Amino acid sequence: MTDEVTYKPYDAPTGGWGSVKSLVKHSTRQHAIGTAPDLLRHHNKLGGYACTSCAWAKPAKPHAAEFCENGAKATFWDLTSKRTTPEFFAQHTVTELLGWSDYDLENEGRLTHPMRYESASDTYVPVEWAEAFADIGSRLKGFDPESVVFYASGRASLETSYMYALLARMYGNNNLPDSSNMCHETTSVALPQSIGTPVGTVLLEDFEHTDCILSFGQNVGTNAPRMLHPLQQARKRAAEIIVFNPLRERGWEEFVNPQHAGEMLTNRGTEIATQYHQVRTGGDIAAMVGIAKTLLELDHQAKAAGTDRVLDVDFIAQHTHGFAPFAAYVRAQSWDDLEREAGLARAAMEQAADVYARSKAVIAIYGMGLTQHRLGVDNVQMLVNLMLMRGNIGRQGAGMCPVRGHSNVQGQRTVGISDKTALVPLDKLEAQFGFSPPTKDGLNTVEACEGVLDGTVKAFISLGGNFVRAIPDTMRMEESWRDLELSVQIATKLNRSHLVAGKTSYILPCLVRTEIDEQASGPQIVTVEDSTTCIHASRGVATPASEHLLSEPAIVAGIAKATLAPNPKVPWDDWVGDYGLVRDAIAQTYPDDFHDFNARLDTPGGFPRPIGARDRKWETETGKANFLLPKALHATFDDGSQPDVLRLMTIRSNDQFNTTIYGYDDRLRGIQGSRMIVMMNGQDMARLGVKADDLVGLETASDDGMIRSVAGLRIIEFDVPRGCIAAYYPETNPLIPLYQHAEESKTPAAKSVPVRVRLA
């Protein structure tokens with residue numbers, strides 16, 4: 001990172017030559033330019049490998065290049081020729097490495113050997129696999145099972161995740177928090193109450209039949225760029241795309257398809273959003289209520305005039321519950337309140353409603369801009385309410401489309417990575433494997449953090465990820481993390497979670513999905529689930545980074561065999577030798593979703609899991625889809641009563657995927673050279689007496705007596721709603737109190753943190 005920050009608004013399209021130049025830069029920086037041919041031949045294609053980045057759907061008929069800029073960056077990052085060897089660890093103490101940036105740590109390259117922390121020298125030293133497993137197993141045997149956490153990042157395959165969940169339950173707990181707890185756990189709570197399913201209802205082909213798309217709180221250009229292809233095709237069919245998002249993001253404004261020669265020659269692409277409404281962060285409920293209020297009025301006018309109704313009254317009568325109190329609630333809200341909370345004019349909400357009212361098939365896209373708030377569940381359920389008003393769930397070209405992050409974060413939950421016992425068929429596991437699974441709910445991410453803070457969590461096993469960097473209340477958590485008796489990190493590259501060492505700490509390096517996984521029965525296949533519930537096979541094509549690496553299933557099995565009593569019904573070694581046997585076990589546990597699993601591996605476009613709401617089968621307590629009332633018009637911990645308090649939304653840059661930082665340029669926002677910035681509205685800057693390029697700190701406005709602050713942030717005047725600011729994740733995670741999470745789901749409320757600006 002340089003000391004010089006430059007900002008010039010980016011007016012070029014998303015994609016296009018900007019993406020091409022970025023790919024060249026990142027492939028050469030990682031000494032991975034030789035992987036480009038495999039990227040074209042195998043990335044997200046039948047017989048190839050599934051992208052390790054986002055979870056967007058893979059089409060049955062792929063493009064010539066079925067990857068996006070960020071997916072390619074992830075592949076270059078994985079297949080770099082750089083290596084982090086035992087010699088590197090011998091040369092650098094952990095104390096020194098703690099001063100390195102996230103980028104510099106991972107940029108050292110792939111881990112090559114299992115390592116154990118040695119406190120006397122303050123370094124990691126190499127250890128044999130057998131020794132590591134034996135020591136980890138011995139220590140795990142000495143803990144109360146409820147004091148151990150088995151965390152899972154969203155990158156591990158279905159096979160690994162199934163084995164890992166079984167390990168945890170055979171060990172004696174359901175402490176299986178995962179990365180979903182930090183993003184779309186809100187979806188997993190909200191949607192079942194509304195429509196009876198914890199996942200979205202659309203398939204990729206629905207985008208071919210929609211004539212309107214609503215998007216709330218999702219930055220497509222950075223978080224799911226391959227989605228731009230179906231969005232572009234929808235626009236070419238004259239479909240309307242209405243975006244509600246606090247920041248104007250280039251991905252929603254214009255896209256040049258790098259695979260279209262004509263577009264590349266002119267660098268003129270397709271306008272994506274037909275309406276763009278910069279809603280105040282945390283104000284989405286008010287915006288949606290405003291749309292609903294307009295729909296009710298339009299329907300009233302249509303009924304009086306004897307014309308076609310705006311509401312789908314037959315669908316509402318046959319398939320829904322609770323419409324009357326919902327309609328009464330919406331009518332009772334004043335436009336003054338809606339405008340104030342949404343930060344939008346009444347005319348803007350009416351404009352969106354007018355288009356929605358005349359559209360025949362509507363898809364609702366949303367991301368963490370809805371889920372990561374105090375009332376995140378209410379956010380999602382209000383969006384469902386909008387869709388139910390016009391029958392836009394359970395028919396072609398319409399439905400709910402939560403955009404998931406990590407490439408298998410949704411699939412992990414499908415095969416048992418869950419702290420909630422109600423979501424797991426414990427009876428089937430008992431019959432299948434001959435043990436009594438624990439019936440007590442386990443710890444989610446927030447609860448696991450609370451356990452680390454109060455000392456009740458003694459050991460933490462992490463299947464991928466960078467947990468310490470990803471969670472809220474960073475400073476408090478790092479201090480307590482060092483008191484853990486055992487920390488085991490399964491990883492591909494060095495990150496900060498490895499360096500905040502417990503009393504006994506291991507780094508266990510694994511293969512990446514793009515690498516050939518050779519086992520006793522030959523090269524292995526793994527599987528993942530995308531955002532649309534479709535299951536895909538993945539075959540590695542690259543030579544492993546080190547002969548000392550093990551696969552994730554082999555590592556899970558190694559820990560299991562060293563920890564658990566032998567069980568003839570759980571053939572760990574056979575499973576490692578042939579992942580097809582794991583898939584047979586998954587199919588036995590989850591027959592409705594995974595029958596004939598191995599036979600369906602190479603289904604073009606993946607095979608979809610059955611989702612009741614797609615067929616208007618509502619697996620809810622009422623047996624119908626439910627209209628549910630929001631608790632308030634704003635979703636945040638900030639009630640707007642303190643003029644000096646701003647709502648901070650933490651965001652990702654174009655050079656980033658979750659906690660992985662690929663560089664210091666946020667091209668699509670025009671920011672280069674640093675991540676230590678804060679984006680502010682010009683009127684707020686004048687009101688608070690600060691100006692562009694000032695160095696400031698942010699301090700959380702909380703009432704728990706703790707001071708949470710981040711200093712050294714440079715101000716950029718940016719197009720952001722008044723009262724709102726934006727800064728990068730994870731650098732500003734220390735500002736998020738652990739207690740500030742979504743009600744019911746406990747997803748950290750990272751999109752509307754109440755803060756004050758302090759001059760340096």
# chains A, B, ... in the order shown; residues from 1 in each chain; ligands from 1
>>> select_by_dssp(residues="range 56-300 of chain A", states="strand (DSSP E or B)", output="NGL selection string")
:A and (83-84 or 110-111 or 115-118 or 123-126 or 148-152 or 178 or 212-216 or 240-244 or 254-256 or 270-271 or 275-277)
>>> closest_atom_pairs(of="range 577-676 of chain A", to="range 691-713 of chain A", cutoff="9 Å", atoms="only C-alpha atoms", output="Markdown table")
| residue | atom | partner | partner_atom | distance |
| --- | --- | --- | --- | --- |
| A:Asp638 | CA | A:Ala701 | CA | 8.8 |
| A:Val645 | CA | A:Ala701 | CA | 7.1 |
| A:Arg675 | CA | A:Leu713 | CA | 8.5 |
| A:Met676 | CA | A:Leu713 | CA | 4.9 |
>>> write_last_selection(atoms="all heavy atoms", output="short mmCIF file (atom, residue, chain, number, x, y, z; two decimals), in the first residue's frame")
data_model
loop_
_atom_site.label_atom_id
_atom_site.label_comp_id
_atom_site.auth_asym_id
_atom_site.auth_seq_id
_atom_site.Cartn_x
_atom_site.Cartn_y
_atom_site.Cartn_z
N ASP A 638 -29.19 2.95 14.60
CA ASP A 638 -29.22 4.41 14.68
C ASP A 638 -30.63 4.90 14.40
O ASP A 638 -31.18 4.64 13.32
CB ASP A 638 -28.25 5.00 13.66
CG ASP A 638 -28.44 6.49 13.47
OD1 ASP A 638 -28.60 7.19 14.49
OD2 ASP A 638 -28.46 6.94 12.30
N VAL A 645 -24.06 11.61 14.44
CA VAL A 645 -23.88 10.17 14.22
C VAL A 645 -24.22 9.84 12.77
O VAL A 645 -25.28 10.19 12.27
CB VAL A 645 -24.76 9.35 15.18
CG1 VAL A 645 -24.71 7.86 14.82
CG2 VAL A 645 -24.30 9.55 16.61
N ARG A 675 -6.53 1.42 1.11
CA ARG A 675 -7.84 0.97 1.57
C ARG A 675 -8.27 1.74 2.82
O ARG A 675 -9.39 1.56 3.30
CB ARG A 675 -7.79 -0.54 1.88
CG ARG A 675 -7.55 -1.39 0.65
CD ARG A 675 -7.41 -2.86 1.01
NE ARG A 675 -8.53 -3.34 1.78
CZ ARG A 675 -9.71 -3.71 1.27
NH1 ARG A 675 -9.91 -3.63 -0.04
NH2 ARG A 675 -10.68 -4.15 2.05
N MET A 676 -7.40 2.57 3.34
CA MET A 676 -7.71 3.33 4.55
C MET A 676 -8.36 4.65 4.18
O MET A 676 -7.79 5.74 4.30
CB MET A 676 -6.44 3.54 5.38
CG MET A 676 -5.84 2.25 5.91
SD MET A 676 -6.97 1.36 7.02
CE MET A 676 -6.98 2.46 8.44
#
>>> select_by_dssp(residues="range 614-707 of chain A", states="helix (DSSP H, G or I)", output="list in words")
Arg614, Asp615, Arg667, Leu668, Arg669, Gly682, Gln683, Asp684, Met685, Ala686, Arg687 and Leu688 of chain A
>>> residues_around(residues="Ser551 in chain A", least_positions_apart="5", cutoff="7 Å", atoms="only C-alpha atoms", output="list in words")
Cys510, Leu511 and Asp517 of chain A
>>> closest_atom_pairs(of="range 157-233 of chain A", to="range 460-483 of chain A", cutoff="10 Å", atoms="only C-alpha atoms", output="tab-separated table")
residue	atom	partner	partner_atom	distance
A:Thr160	CA	A:Leu463	CA	9.2
A:Ser161	CA	A:Leu463	CA	8.8
A:Tyr164	CA	A:Leu463	CA	8.4
A:Ala168	CA	A:Ile461	CA	10.0
A:Asn175	CA	A:Phe460	CA	9.9
A:Leu176	CA	A:Ile461	CA	9.8
A:Pro177	CA	A:Ser462	CA	9.8
A:Asp178	CA	A:Leu463	CA	9.2
A:Ser179	CA	A:Gly465	CA	8.1
A:Met182	CA	A:Ile471	CA	7.7
>>> write_last_selection(atoms="all heavy atoms", output="compact mmCIF listing (two decimals), in the first residue's frame")
# COMPACT_ATOMS: atom_id res chain seq x y z
N THR A 160 -16.36 -32.58 1.68
CA THR A 160 -15.62 -32.17 2.88
C THR A 160 -16.57 -31.70 3.97
O THR A 160 -16.41 -32.05 5.15
CB THR A 160 -14.63 -31.04 2.54
OG1 THR A 160 -13.77 -31.46 1.48
CG2 THR A 160 -13.80 -30.68 3.75
N SER A 161 -17.55 -30.90 3.59
CA SER A 161 -18.48 -30.33 4.56
C SER A 161 -19.28 -31.42 5.27
O SER A 161 -19.51 -31.36 6.48
CB SER A 161 -19.42 -29.34 3.87
OG SER A 161 -18.69 -28.31 3.24
N TYR A 164 -17.00 -33.10 7.72
CA TYR A 164 -16.67 -32.19 8.82
C TYR A 164 -17.82 -32.09 9.81
O TYR A 164 -17.62 -32.14 11.03
CB TYR A 164 -16.34 -30.82 8.23
CG TYR A 164 -15.70 -29.83 9.16
CD1 TYR A 164 -14.46 -30.08 9.74
CD2 TYR A 164 -16.30 -28.60 9.42
CE1 TYR A 164 -13.85 -29.14 10.56
CE2 TYR A 164 -15.71 -27.65 10.23
CZ TYR A 164 -14.47 -27.93 10.80
OH TYR A 164 -13.88 -27.00 11.61
N ALA A 168 -17.86 -33.26 13.84
CA ALA A 168 -18.29 -32.44 14.97
C ALA A 168 -19.35 -33.16 15.80
O ALA A 168 -19.29 -33.19 17.03
CB ALA A 168 -18.80 -31.09 14.49
N ASN A 175 -21.60 -27.31 17.42
CA ASN A 175 -20.93 -26.02 17.31
C ASN A 175 -20.33 -25.89 15.91
O ASN A 175 -19.13 -26.03 15.71
CB ASN A 175 -19.85 -25.87 18.37
CG ASN A 175 -20.40 -25.83 19.77
OD1 ASN A 175 -21.59 -25.58 19.98
ND2 ASN A 175 -19.55 -26.08 20.77
N LEU A 176 -21.19 -25.63 14.94
CA LEU A 176 -20.79 -25.58 13.54
C LEU A 176 -21.16 -24.23 12.92
O LEU A 176 -21.94 -24.15 11.97
CB LEU A 176 -21.47 -26.72 12.77
CG LEU A 176 -20.85 -28.10 12.98
CD1 LEU A 176 -21.84 -29.21 12.66
CD2 LEU A 176 -19.59 -28.25 12.12
N PRO A 177 -20.60 -23.14 13.45
CA PRO A 177 -20.83 -21.85 12.79
C PRO A 177 -20.16 -21.86 11.42
O PRO A 177 -19.21 -22.61 11.18
CB PRO A 177 -20.15 -20.85 13.74
CG PRO A 177 -19.06 -21.65 14.40
CD PRO A 177 -19.62 -23.04 14.55
N ASP A 178 -20.66 -21.04 10.53
CA ASP A 178 -20.04 -20.95 9.21
C ASP A 178 -20.11 -19.52 8.71
O ASP A 178 -20.70 -18.65 9.36
CB ASP A 178 -20.68 -21.93 8.23
CG ASP A 178 -22.12 -21.57 7.88
OD1 ASP A 178 -22.72 -20.76 8.61
OD2 ASP A 178 -22.64 -22.11 6.89
N SER A 179 -19.50 -19.30 7.56
CA SER A 179 -19.44 -17.93 7.05
C SER A 179 -20.82 -17.39 6.71
O SER A 179 -21.02 -16.17 6.65
CB SER A 179 -18.52 -17.86 5.82
OG SER A 179 -18.87 -18.83 4.86
N MET A 182 -22.37 -14.79 8.90
CA MET A 182 -21.93 -13.40 8.79
C MET A 182 -22.54 -12.67 7.60
O MET A 182 -22.30 -11.49 7.41
CB MET A 182 -20.41 -13.34 8.72
CG MET A 182 -19.73 -13.76 10.01
SD MET A 182 -17.94 -13.61 9.96
CE MET A 182 -17.45 -15.30 9.69
>>> residues_around(residues="His113 in chain A", least_positions_apart="6", cutoff="12 Å", atoms="only C-alpha atoms", output="JSON, numbers by chain")
{"A": [83, 84, 85, 86, 87, 88, 89, 124, 125, 126, 127, 128, 129, 132, 490, 491, 492, 493, 494, 506, 507, 508, 509, 510, 511, 545, 546, 547, 548, 549, 550]}
>>> write_last_selection(atoms="C-alpha atoms", output="JSON list (two decimals), in the first residue's frame")
[["chain", "number", "residue", "atom", "x", "y", "z"],
["A", 83, "ARG", "CA", 5.38, -20.21, -1.98],
["A", 84, "THR", "CA", 5.30, -19.66, 1.78],
["A", 85, "THR", "CA", 7.79, -22.27, 2.95],
["A", 86, "PRO", "CA", 9.21, -23.33, 6.33],
["A", 87, "GLU", "CA", 12.22, -21.17, 5.48],
["A", 88, "PHE", "CA", 9.96, -18.12, 5.31],
["A", 89, "PHE", "CA", 8.56, -18.86, 8.76],
["A", 124, "TYR", "CA", 5.93, -21.43, 13.17],
["A", 125, "VAL", "CA", 7.99, -24.59, 12.70],
["A", 126, "PRO", "CA", 7.33, -27.56, 10.39],
["A", 127, "VAL", "CA", 5.65, -30.65, 11.78],
["A", 128, "GLU", "CA", 4.85, -34.04, 10.27],
["A", 129, "TRP", "CA", 1.22, -34.68, 9.42],
["A", 132, "ALA", "CA", 0.05, -32.93, 14.03],
["A", 490, "ILE", "CA", -6.89, -25.46, 7.58],
["A", 491, "ALA", "CA", -5.75, -23.06, 4.87],
["A", 492, "THR", "CA", -4.08, -22.45, 1.53],
["A", 493, "LYS", "CA", -2.34, -19.15, 2.32],
["A", 494, "LEU", "CA", -1.08, -17.31, 5.37],
["A", 506, "TYR", "CA", -1.46, -25.38, 13.88],
["A", 507, "ILE", "CA", -1.60, -24.36, 10.23],
["A", 508, "LEU", "CA", -2.64, -27.32, 8.08],
["A", 509, "PRO", "CA", -2.18, -26.56, 4.36],
["A", 510, "CYS", "CA", -4.57, -28.06, 1.82],
["A", 511, "LEU", "CA", -5.10, -28.39, -1.90],
["A", 545, "ALA", "CA", 1.57, -26.41, -5.11],
["A", 546, "SER", "CA", 3.51, -28.82, -2.88],
["A", 547, "GLU", "CA", 3.87, -32.57, -2.51],
["A", 548, "HIS", "CA", 3.29, -32.07, 1.23],
["A", 549, "LEU", "CA", -0.28, -30.82, 0.85],
["A", 550, "LEU", "CA", -3.29, -32.93, 1.78]]
>>> residues_around(residues="range 45-49 of chain A", least_positions_apart="4", cutoff="10 Å", atoms="only C-alpha atoms", output="NGL selection string")
:A and (38-41 or 58-67 or 513-515 or 525-527 or 536-541 or 601-606)
>>> atom_distance(atom1="CA of Gly391 in chain A", atom2="CA of Phe315 in chain A")
5.8 Å
>>> residues_around(residues="range 652-667 of chain A", least_positions_apart="5", cutoff="6 Å", atoms="only C-alpha atoms", output="number ranges by chain")
A: 103, 222, 672-674, 728-729
>>> write_last_selection(atoms="N, CA, C and O atoms", output="PDB file, in the first residue's frame")
ATOM      1  N   TYR A 103      -2.871  -8.081   2.498  1.00  0.00           N
ATOM      2  CA  TYR A 103      -2.365  -8.338   1.150  1.00  0.00           C
ATOM      3  C   TYR A 103      -0.966  -8.943   1.188  1.00  0.00           C
ATOM      4  O   TYR A 103      -0.687  -9.944   0.512  1.00  0.00           O
ATOM      5  N   THR A 222     -18.866  -6.042  -8.482  1.00  0.00           N
ATOM      6  CA  THR A 222     -17.778  -6.539  -7.644  1.00  0.00           C
ATOM      7  C   THR A 222     -18.092  -7.909  -7.049  1.00  0.00           C
ATOM      8  O   THR A 222     -17.219  -8.771  -6.965  1.00  0.00           O
ATOM      9  N   GLN A 672      -7.478   4.574  -5.795  1.00  0.00           N
ATOM     10  CA  GLN A 672      -6.231   3.839  -5.972  1.00  0.00           C
ATOM     11  C   GLN A 672      -5.244   4.175  -4.865  1.00  0.00           C
ATOM     12  O   GLN A 672      -5.194   5.296  -4.373  1.00  0.00           O
ATOM     13  N   GLY A 673      -4.491   3.160  -4.448  1.00  0.00           N
ATOM     14  CA  GLY A 673      -3.354   3.386  -3.579  1.00  0.00           C
ATOM     15  C   GLY A 673      -3.555   3.065  -2.119  1.00  0.00           C
ATOM     16  O   GLY A 673      -2.580   2.931  -1.377  1.00  0.00           O
ATOM     17  N   SER A 674      -4.795   2.955  -1.641  1.00  0.00           N
ATOM     18  CA  SER A 674      -5.006   2.710  -0.215  1.00  0.00           C
ATOM     19  C   SER A 674      -6.409   2.164   0.019  1.00  0.00           C
ATOM     20  O   SER A 674      -7.334   2.402  -0.767  1.00  0.00           O
ATOM     21  N   TYR A 728     -13.942   0.429   3.997  1.00  0.00           N
ATOM     22  CA  TYR A 728     -13.694  -0.956   3.607  1.00  0.00           C
ATOM     23  C   TYR A 728     -13.742  -1.940   4.775  1.00  0.00           C
ATOM     24  O   TYR A 728     -13.355  -1.625   5.903  1.00  0.00           O
ATOM     25  N   TYR A 729     -14.234  -3.108   4.439  1.00  0.00           N
ATOM     26  CA  TYR A 729     -14.179  -4.316   5.267  1.00  0.00           C
ATOM     27  C   TYR A 729     -12.938  -5.096   4.836  1.00  0.00           C
ATOM     28  O   TYR A 729     -12.664  -5.160   3.632  1.00  0.00           O
TER      29      TYR A 729
END
